[in-house]
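*Asks:* To be precise about what I am sending: the file is called input.txt and holds compact mmCIF, C-alpha atoms.
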```
# COMPACT_ATOMS: atom_id res chain seq x y z
CA MET A 1 39.15 149.08 47.42
CA LYS A 2 36.71 146.65 49.02
CA PHE A 3 37.59 146.33 52.67
CA ARG A 4 37.51 142.53 52.56
CA THR A 5 39.92 142.61 49.61
CA LEU A 6 42.49 144.39 51.78
CA ILE A 7 42.50 141.39 54.12
CA ALA A 8 42.63 138.90 51.27
CA LEU A 9 45.48 140.71 49.57
CA THR A 10 47.40 140.90 52.79
CA VAL A 11 47.26 137.15 53.36
CA CYS A 12 47.64 136.02 49.78
CA SER A 13 49.87 138.59 48.10
CA CYS A 14 51.96 139.50 51.09
CA THR A 15 52.57 136.09 52.60
CA SER A 16 52.25 133.47 49.89
CA GLY A 17 53.93 136.01 47.60
CA LEU A 18 57.15 136.58 49.53
CA TRP A 19 60.12 134.39 48.79
CA ALA A 20 63.32 134.08 50.72
CA GLU A 21 65.94 135.90 48.62
CA PRO A 22 65.63 138.51 47.31
CA SER A 23 62.59 140.21 48.78
CA ALA A 24 59.67 140.54 46.36
CA LEU A 25 58.24 143.39 48.44
CA VAL A 26 60.04 146.75 48.38
CA ASN A 27 59.16 150.36 49.18
CA ASP A 28 61.37 152.04 46.57
CA PRO A 29 61.17 150.98 42.90
CA ARG A 30 64.98 151.20 42.73
CA ASP A 31 65.17 148.22 45.14
CA LEU A 32 62.90 146.16 42.88
CA ARG A 33 63.98 142.59 42.11
CA LEU A 34 61.84 140.35 39.91
CA ILE A 35 61.18 136.87 41.32
CA ASN A 36 60.76 133.95 38.91
CA LEU A 37 57.54 132.04 39.60
CA LYS A 38 58.58 128.74 38.02
CA GLU A 39 59.95 127.10 41.16
CA VAL A 40 57.05 127.90 43.47
CA SER A 41 54.54 127.12 40.70
CA SER A 42 56.10 123.68 40.25
CA PHE A 43 55.97 123.14 44.03
CA LEU A 44 52.29 124.14 44.23
CA GLU A 45 51.35 122.07 41.20
CA GLU A 46 52.91 118.98 42.70
CA ASP A 47 51.63 119.59 46.23
CA LEU A 48 48.08 120.69 45.40
CA ASP A 49 47.37 118.58 42.34
CA LEU A 50 49.43 115.43 42.78
CA GLY A 51 49.87 115.42 46.55
CA LYS A 52 46.48 116.56 47.82
CA GLY A 53 44.26 116.14 44.80
CA ILE A 54 42.68 119.48 45.62
CA THR A 55 42.53 120.71 42.05
CA GLU A 56 40.28 117.73 41.28
CA VAL A 57 37.51 119.82 42.86
CA ILE A 58 37.54 122.16 39.90
CA GLY A 59 39.89 120.43 37.54
CA LYS A 60 43.43 121.50 36.74
CA GLN A 61 42.50 122.04 33.10
CA VAL A 62 39.68 124.39 34.14
CA ILE A 63 42.11 126.41 36.27
CA ASP A 64 44.70 126.52 33.50
CA ARG A 65 42.07 127.51 30.95
CA LYS A 66 40.84 130.37 33.14
CA PHE A 67 44.35 131.78 33.56
CA ARG A 68 45.04 131.41 29.85
CA LYS A 69 41.71 133.12 29.15
CA ALA A 70 42.94 136.02 31.30
CA GLY A 71 46.11 136.14 29.22
CA ILE A 72 48.41 134.84 31.98
CA PRO A 73 50.90 132.14 30.90
CA ASP A 74 51.74 129.01 32.87
CA PRO A 75 54.85 129.93 34.94
CA VAL A 76 56.08 126.32 34.72
CA LYS A 77 56.10 126.38 30.92
CA SER A 78 56.69 130.06 30.14
CA GLU A 79 58.93 132.42 32.09
CA LEU A 80 56.91 134.65 34.41
CA SER A 81 58.26 136.75 37.26
CA TYR A 82 56.86 139.36 39.61
CA ALA A 83 57.59 142.00 42.24
CA ILE A 84 55.61 144.28 44.56
CA VAL A 85 56.35 147.96 45.23
CA ALA A 86 54.38 149.33 48.19
CA ARG A 87 54.87 152.96 49.19
CA GLU A 88 53.81 153.84 52.72
CA MET A 89 51.09 156.49 52.65
CA PRO A 90 48.95 158.50 55.08
CA ALA A 91 45.94 156.73 56.59
CA GLU A 92 43.12 155.92 54.16
CA GLN A 93 45.44 155.70 51.14
CA LEU A 94 47.03 152.78 49.33
CA ASN A 95 49.84 153.08 46.77
CA VAL A 96 50.95 149.66 45.51
CA CYS A 97 52.23 148.27 42.21
CA PHE A 98 52.18 144.55 41.42
CA ILE A 99 54.51 143.88 38.48
CA LEU A 100 54.37 140.88 36.15
CA LYS A 101 57.15 140.29 33.64
CA GLY A 102 56.41 137.76 30.94
CA ASN A 103 54.15 137.08 28.02
CA VAL A 104 50.92 138.38 29.56
CA GLU A 105 48.39 139.17 26.82
CA PRO A 106 47.02 142.64 27.64
CA GLU A 107 43.82 142.36 25.59
CA LYS A 108 42.75 139.19 27.37
CA PHE A 109 43.77 140.50 30.77
CA LEU A 110 41.86 143.76 30.31
CA GLU A 111 38.77 141.87 29.17
CA PHE A 112 38.99 139.64 32.25
CA ALA A 113 39.50 142.63 34.57
CA GLY A 114 36.61 144.53 32.95
CA LYS A 115 34.18 141.65 33.45
CA ARG A 116 35.15 141.32 37.12
CA TYR A 117 34.80 145.06 37.59
CA ASP A 118 31.30 145.04 36.05
CA ARG A 119 30.28 142.03 38.13
CA TYR A 120 31.46 143.71 41.33
CA PHE A 121 29.37 146.79 40.66
CA GLU A 122 26.35 144.67 39.77
CA THR A 123 26.68 143.11 43.24
CA LEU A 124 26.90 146.56 44.86
CA LYS A 125 23.85 147.74 42.93
CA GLY A 126 21.98 144.63 44.05
CA GLN A 127 22.82 145.57 47.65
CA LYS A 128 21.66 149.15 46.91
CA LEU A 129 25.09 150.50 47.86
CA VAL A 130 25.60 152.29 44.52
CA LYS A 131 23.31 153.42 41.71
CA ASP A 132 25.69 153.40 38.76
CA ALA A 133 29.11 151.98 37.92
CA PRO A 134 31.84 154.49 36.97
CA ALA A 135 33.25 153.98 33.49
CA PRO A 136 36.88 152.80 33.16
CA ALA A 137 39.09 155.27 31.32
CA ASP A 138 42.09 154.81 29.02
CA LYS A 139 45.12 156.97 29.84
CA THR A 140 48.82 157.28 29.08
CA ILE A 141 51.15 156.96 32.08
CA ALA A 142 54.91 157.40 31.65
CA GLY A 143 54.32 157.03 27.91
CA LYS A 144 52.61 153.66 28.35
CA ASN A 145 49.02 152.53 27.78
CA ALA A 146 46.92 152.29 30.93
CA ARG A 147 43.32 151.59 31.89
CA VAL A 148 41.94 153.17 35.05
CA PHE A 149 39.13 151.61 37.12
CA PRO A 150 37.69 154.03 39.73
CA PHE A 151 36.89 152.60 43.16
CA ALA A 152 33.35 152.41 44.40
CA PHE A 153 33.58 154.23 47.72
CA ARG A 154 37.02 155.81 47.99
CA ASN A 155 39.03 158.42 46.11
CA ALA A 156 41.28 155.75 44.64
CA GLU A 157 41.82 153.86 41.40
CA ALA A 158 42.91 150.46 40.19
CA VAL A 159 45.21 150.86 37.19
CA VAL A 160 46.46 148.34 34.63
CA THR A 161 49.55 149.59 32.77
CA TRP A 162 51.18 147.55 30.04
CA PHE A 163 54.08 147.64 27.60
CA PRO A 164 56.05 144.86 25.86
CA GLY A 165 56.99 142.16 28.36
CA HIS A 166 55.48 143.91 31.39
CA THR A 167 52.10 144.36 33.08
CA ILE A 168 51.67 146.52 36.19
CA ILE A 169 48.51 146.20 38.30
CA SER A 170 48.24 149.09 40.75
CA THR A 171 46.09 150.58 43.47
CA VAL A 172 46.79 154.32 43.77
CA PRO A 173 45.22 157.53 45.09
CA ALA A 174 42.97 158.91 42.32
CA GLY A 175 45.05 160.79 39.77
CA ASP A 176 48.42 160.06 41.43
CA TYR A 177 50.45 157.93 39.03
CA SER A 178 53.92 158.86 40.31
CA LEU A 179 54.73 155.40 41.70
CA ILE A 180 53.68 153.76 38.43
CA SER A 181 55.91 156.18 36.47
CA GLU A 182 58.90 155.54 38.74
CA THR A 183 58.39 151.78 38.44
CA VAL A 184 58.20 151.96 34.63
CA ASN A 185 61.47 153.93 34.55
CA VAL A 186 63.22 151.24 36.61
CA LEU A 187 61.84 148.41 34.46
CA GLU A 188 63.02 150.18 31.30
CA GLY A 189 66.46 150.88 32.74
CA LYS A 190 66.02 154.67 32.75
CA THR A 191 66.49 154.65 36.52
CA PRO A 192 69.24 152.32 37.83
CA THR A 193 68.43 149.74 40.47
CA SER A 194 70.15 149.80 43.86
CA LYS A 195 73.24 147.67 44.45
CA ALA A 196 71.60 145.82 47.33
CA GLN A 197 68.17 145.60 48.92
CA PRO A 198 67.74 147.08 52.43
CA ASP A 199 68.32 144.86 55.46
CA LYS A 200 64.82 145.78 56.67
CA ILE A 201 61.71 146.55 54.64
CA GLY A 202 58.48 147.70 56.25
CA PHE A 203 55.02 148.73 55.15
CA ILE A 204 51.92 149.70 57.11
CA SER A 205 48.53 150.89 55.90
CA THR A 206 45.48 151.93 57.94
CA PHE A 207 41.80 152.29 57.05
CA VAL A 208 38.60 153.20 58.86
CA PRO A 209 35.70 151.39 57.15
CA ILE A 210 33.03 153.72 55.85
CA ASP A 211 29.30 152.90 56.10
CA GLN A 212 29.05 151.37 52.63
CA GLU A 213 32.04 149.12 53.28
CA ARG A 214 30.60 147.99 56.61
CA SER A 215 27.39 147.00 54.84
CA GLU A 216 29.36 145.23 52.11
CA ILE A 217 31.29 143.17 54.67
CA ARG A 218 28.13 142.06 56.48
CA ASN A 219 26.40 141.05 53.25
CA PHE A 220 29.37 139.49 51.50
CA GLU A 221 28.10 136.45 49.58
CA ASN A 222 24.86 136.27 51.56
CA ARG A 223 23.09 135.98 48.23
CA TYR A 224 23.99 132.28 48.28
CA ASP A 225 21.11 130.48 49.96
CA GLY A 226 22.16 127.48 52.01
CA PHE A 227 25.80 128.48 51.60
CA ALA A 228 27.29 125.89 53.94
CA ALA A 229 25.44 122.86 52.61
CA LYS A 230 25.96 123.71 48.96
CA THR A 231 29.63 124.49 49.43
CA ARG A 232 30.62 121.44 51.44
CA LYS A 233 28.72 118.99 49.23
CA LYS A 234 31.16 119.54 46.37
CA PHE A 235 34.27 118.73 48.35
CA LYS A 236 33.56 115.35 49.94
CA LYS A 237 36.67 113.81 48.42
CA ILE A 238 39.01 116.02 50.39
CA PHE A 239 37.05 116.74 53.55
CA ASN A 240 37.11 115.10 56.91
CA ARG A 241 33.35 114.58 56.93
CA ASP A 242 33.09 114.02 60.67
CA ALA A 243 34.55 117.47 61.29
CA TYR A 244 31.78 119.05 59.23
CA GLN A 245 28.61 117.38 60.46
CA ASP A 246 27.43 120.73 61.80
CA SER A 247 27.88 122.96 58.76
CA GLU A 248 25.23 125.34 60.06
CA ALA A 249 27.48 126.11 63.03
CA MET A 250 30.32 127.00 60.68
CA ALA A 251 28.09 129.27 58.59
CA LYS A 252 26.88 130.96 61.77
CA ALA A 253 30.45 131.43 63.00
CA GLU A 254 31.45 132.97 59.68
CA GLN A 255 28.54 135.42 59.74
CA GLN A 256 29.35 136.42 63.32
CA LEU A 257 32.93 137.10 62.27
CA LYS A 258 31.80 139.23 59.32
CA ASN A 259 29.50 141.22 61.60
CA ALA A 260 32.34 141.79 64.07
CA LEU A 261 34.74 142.89 61.31
CA ALA A 262 32.11 145.29 59.98
CA ASP A 263 31.96 146.97 63.39
CA ILE A 264 35.68 147.53 63.98
CA ALA A 265 36.82 151.11 64.51
CA ARG A 266 40.00 150.81 62.43
CA PHE A 267 41.95 148.24 60.45
CA SER A 268 45.70 148.24 59.78
CA TYR A 269 48.10 145.82 58.21
CA ASP A 270 51.77 145.86 58.95
CA ILE A 271 54.35 143.95 56.89
CA ASN A 272 58.00 143.65 57.87
CA ALA A 273 60.82 141.84 56.10
CA ARG A 274 64.32 141.47 57.49
CA LYS A 275 67.40 139.72 56.20
CA ASP A 276 68.00 136.42 57.96
CA GLY A 277 71.03 134.49 56.76
CA GLU A 278 70.73 134.04 53.00
CA GLY A 279 67.11 135.16 52.81
CA TYR A 280 64.36 137.31 54.26
CA ALA A 281 62.12 136.43 57.18
CA TYR A 282 58.68 138.01 57.31
CA GLU A 283 56.13 139.16 59.83
CA VAL A 284 52.62 140.15 58.76
CA SER A 285 50.11 141.60 61.23
CA MET A 286 46.46 142.45 60.69
CA ILE A 287 45.51 144.85 63.47
CA PHE A 288 41.87 145.42 64.40
CA ARG A 289 41.08 148.35 66.69
CA CYS A 290 37.77 147.60 68.40
CA ALA A 291 35.30 149.73 70.35
CA ASN A 292 36.45 148.35 73.73
CA PRO A 293 38.44 145.47 75.29
CA GLU A 294 35.36 143.25 75.43
CA LYS A 295 34.82 143.59 71.67
CA ALA A 296 38.51 142.86 71.04
CA THR A 297 38.29 139.66 73.08
CA GLU A 298 35.11 138.64 71.24
CA LEU A 299 36.80 139.19 67.88
CA LYS A 300 39.80 137.13 69.02
CA GLU A 301 37.51 134.22 69.96
CA MET A 302 35.66 134.48 66.63
CA LEU A 303 38.92 134.44 64.68
CA LEU A 304 40.13 131.41 66.63
CA THR A 305 36.83 129.63 65.96
CA TRP A 306 37.09 130.43 62.26
CA LEU A 307 40.68 129.14 62.20
CA ALA A 308 39.57 125.96 63.93
CA TYR A 309 36.90 125.32 61.29
CA THR A 310 39.18 126.03 58.35
CA SER A 311 42.10 124.02 59.73
CA SER A 312 39.88 121.01 60.46
CA LYS A 313 39.78 120.33 56.74
CA SER A 314 42.00 117.51 55.52
CA LEU A 315 45.23 119.50 55.43
CA SER A 316 48.61 117.80 55.25
CA GLU A 317 50.90 117.53 58.27
CA GLU A 318 53.15 120.12 56.63
CA ASP A 319 50.15 122.47 56.31
CA LEU A 320 49.34 122.10 59.98
CA VAL A 321 52.92 123.03 60.84
CA SER A 322 52.51 126.14 58.68
CA MET A 323 49.22 126.91 60.40
CA ARG A 324 51.18 127.34 63.63
CA ALA A 325 52.65 130.48 62.07
CA ASN A 326 49.26 132.08 62.80
CA ARG A 327 48.75 133.81 66.14
CA VAL A 328 45.70 135.67 67.42
CA ALA A 329 45.86 137.89 70.52
CA ALA A 330 43.83 140.64 72.19
CA THR A 331 45.41 143.47 74.18
CA GLY A 332 43.16 146.21 75.43
CA SER A 333 40.89 147.32 72.60
CA THR A 334 43.13 145.80 69.92
CA CYS A 335 42.97 142.35 68.34
CA VAL A 336 45.97 141.23 66.27
CA PHE A 337 46.21 138.40 63.72
CA ASN A 338 49.95 137.78 63.33
CA ILE A 339 51.87 135.55 60.92
CA ARG A 340 55.63 134.93 61.16
CA LEU A 341 57.57 133.14 58.45
CA GLY A 342 61.20 132.09 58.52
CA SER A 343 63.58 132.76 55.67
CA SER A 344 63.72 129.26 54.17
CA GLN A 345 62.04 128.68 50.82
CA GLU A 346 60.61 125.38 52.09
CA GLU A 347 58.75 127.13 54.91
CA GLN A 348 57.43 129.89 52.70
CA TYR A 349 56.44 127.57 49.85
CA GLN A 350 54.53 125.34 52.24
CA PHE A 351 52.72 128.34 53.68
CA SER A 352 51.71 129.24 50.10
CA SER A 353 50.33 125.73 49.75
CA LEU A 354 48.40 126.08 53.00
CA ILE A 355 46.76 129.31 51.83
CA MET A 356 45.92 127.84 48.43
CA SER A 357 44.57 124.65 50.03
CA LEU A 358 42.07 126.65 52.07
CA MET A 359 41.12 128.92 49.17
CA MET A 360 40.65 126.08 46.70
CA GLN A 361 38.09 124.52 49.01
CA ASP A 362 35.93 127.64 49.14
CA ARG A 363 33.10 128.07 46.65
CA ARG A 364 33.58 131.82 46.54
CA PHE A 365 37.17 131.42 45.34
CA ASN A 366 36.21 128.64 42.95
CA SER A 367 33.60 130.90 41.35
CA LEU A 368 36.54 132.82 39.83
CA PHE A 369 37.30 129.73 37.77
CA LYS A 370 33.77 128.58 37.05
CA GLY A 371 32.19 132.00 36.49
```
Would you kindly transcribe this structure into structure tokens?
*Replies:*
Amino acid sequence: MKFRTLIALTVCSCTSGLWAEPSALVNDPRDLRLINLKEVSSFLEEDLDLGKGITEVIGKQVIDRKFRKAGIPDPVKSELSYAIVAREMPAEQLNVCFILKGNVEPEKFLEFAGKRYDRYFETLKGQKLVKDAPAPADKTIAGKNARVFPFAFRNAEAVVTWFPGHTIISTVPAGDYSLISETVNVLEGKTPTSKAQPDKIGFISTFVPIDQERSEIRNFENRYDGFAAKTRKKFKKIFNRDAYQDSEAMAKAEQQLKNALADIARFSYDINARKDGEGYAYEVSMIFRCANPEKATELKEMLLTWLAYTSSKSLSEEDLVSMRANRVAATGSTCVFNIRLGSSQEEQYQFSSLIMSLMMQDRRFNSLFKG
């Protein structure tokens, strides 16, 4: 998996994707509970589109059309639920299943995934990091149809498995489909679910970036000339213009951060959920092991600068409260980006809105909808 994607997935899937009760994230498929997306989707639609006007940047119809093109229904209009099963593995391995239950159209989703896969490898070839793209392969896993997409640099695979009413998107060690099989058996009722979810759920994964990944991080999206100016120009309606008079400084800060992340010795993410009253409270930590204490302090300052730039956009007061859930600290040779969320749905929904607000104002995210 791309190293930068690990960070993105951690923030987006493992914070904006965790609701209060039950826990969407589990380690054992038998503890799996599917979470209906209608309520949070309604909240985000109202907050982002009606409240902030952020989807005007792209257009709500464009966003809807892109998701429909990928075969994913509107959770507000058609029942759609999800869960995440993450099995803790040795360092350098990831074993995660993201489950969608609903009327996802597999043909459209596979076409969408295939185009993104091809585009990713075209980028890597343009950076001279790979010569050829591996071919996806069709397999049968637990008696179900599956398509396997080999990773570029690691002995791992992305797998899409589908059967009526269910789609499972997985990242697994190459050739190891045991977690997918166990998850399918639970979804089909062949393996009974547990009576109650655990009081505590934890998951940690650790990676050491290899040379190709370090190069990929440094060069991420550098193909866009004049990135800052072109990006900000499109979002004048929702920006505090005075805060962005020096866009070159922001672009420079972002490149410095990418360079620093490319040089880290090791990256881990640690997710913990614990029952708190009627729901689950969460703590997510991204842990960067640096070459020495000086580098850890430099990375901390860069992360704080990046947070300052991103949070200076015209976020709502509720977003700024959610932003306070972010903490950055350096201890010895380690820099930690920590997020703590309480168990209330309101707090977690608003944090989802904060994440989406920042992402919707970034050209690189928007390219998913326009491309």
*Asks:* Counting all atoms listed in the file, which of A:Ala291, A:Ala253, A:Leu32, A:Leu124 gets nearest to Glu182 of chain A?
*Replies:*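 Smallest distance to Glu182 of chain A is found for A:Leu32.
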*Asks:* Using all atoms listed in the file, find the one residue out of A:Thr123, A:Thr167, A:Asn145, A:Ser268 that sits nearest to Glu92 of chain A.
*Replies:*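 Between A:Thr123, A:Thr167, A:Asn145, A:Ser268, the residue approaching Glu92 of chain A most closely is A:Ser268.
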*Asks:* If I wrap all listed atoms of segment 280-295 of chain A in a box with edges along x, y and z and add 4 Å on each side, what are its centre and edge lengths in Å to one decimal, as lines of an AutoDock Vina configuration file?
*Replies:*
```
center_x = 49.6
center_y = 143.1
center_z = 64.8
size_x = 37.5
size_y = 21.3
size_z = 29.2
```
*Asks:* Per residue of segment 23-140 of chain A within 12 Å of segment 319-328 of chain A, which atom pair is closest and at what distance in Å (one decimal), using only C-alpha atoms, listed by chain and increasing number, as a Markdown table?
*Replies:*
```
| residue | atom | partner | partner_atom | distance |
| --- | --- | --- | --- | --- |
| A:Asp47 | CA | A:Asp319 | CA | 10.6 |
| A:Leu48 | CA | A:Asp319 | CA | 11.2 |
| A:Lys52 | CA | A:Asp319 | CA | 11.0 |
```
*Asks:* Just give me the gap between atom CA of Ser170 of chain A and atom CA of Ile141 of chain A in Å, one decimal is fine.
*Replies:*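 Taking atom CA of Ser170 of chain A as the start and atom CA of Ile141 of chain A as the end point, the length is 12.1 Å.
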*Asks:* Could you tell me how far atom CA of Ala156 of chain A lies from atom CA of Val96 of chain A, in Å and to one decimal?
*Replies:* 11.5 Å
*Asks:* Could you add whatever atoms are missing so that segment 344-356 of chain A carries N, CA and C atoms, then write the result as a short mmCIF file (atom, residue, chain, number, x, y, z; two decimals), keeping the file's coordinate frame?
*Replies:*
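selection-v1.cif written:
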```cif
data_model
loop_
_atom_site.label_atom_id
_atom_site.label_comp_id
_atom_site.auth_asym_id
_atom_site.auth_seq_id
_atom_site.Cartn_x
_atom_site.Cartn_y
_atom_site.Cartn_z
N SER A 344 63.49 130.37 55.09
CA SER A 344 63.72 129.26 54.17
C SER A 344 62.63 129.20 53.11
N GLN A 345 63.02 128.83 51.90
CA GLN A 345 62.04 128.68 50.82
C GLN A 345 61.04 127.59 51.15
N GLU A 346 61.51 126.49 51.78
CA GLU A 346 60.61 125.38 52.09
C GLU A 346 59.46 125.86 52.97
N GLU A 347 59.77 126.66 53.99
CA GLU A 347 58.75 127.13 54.91
C GLU A 347 57.77 128.05 54.19
N GLN A 348 58.29 128.93 53.37
CA GLN A 348 57.43 129.89 52.70
C GLN A 348 56.61 129.24 51.58
N TYR A 349 57.20 128.29 50.87
CA TYR A 349 56.44 127.57 49.85
C TYR A 349 55.30 126.78 50.48
N GLN A 350 55.57 126.13 51.60
CA GLN A 350 54.53 125.34 52.24
C GLN A 350 53.40 126.23 52.77
N PHE A 351 53.76 127.43 53.24
CA PHE A 351 52.72 128.34 53.68
C PHE A 351 51.86 128.76 52.49
N SER A 352 52.47 128.95 51.32
CA SER A 352 51.71 129.24 50.10
C SER A 352 50.73 128.11 49.82
N SER A 353 51.20 126.88 49.99
CA SER A 353 50.33 125.73 49.75
C SER A 353 49.18 125.68 50.74
N LEU A 354 49.46 126.02 51.99
CA LEU A 354 48.40 126.08 53.00
C LEU A 354 47.32 127.07 52.59
N ILE A 355 47.72 128.29 52.22
CA ILE A 355 46.76 129.31 51.83
C ILE A 355 45.94 128.85 50.63
N MET A 356 46.63 128.29 49.62
CA MET A 356 45.92 127.84 48.43
C MET A 356 45.01 126.66 48.74
#
```
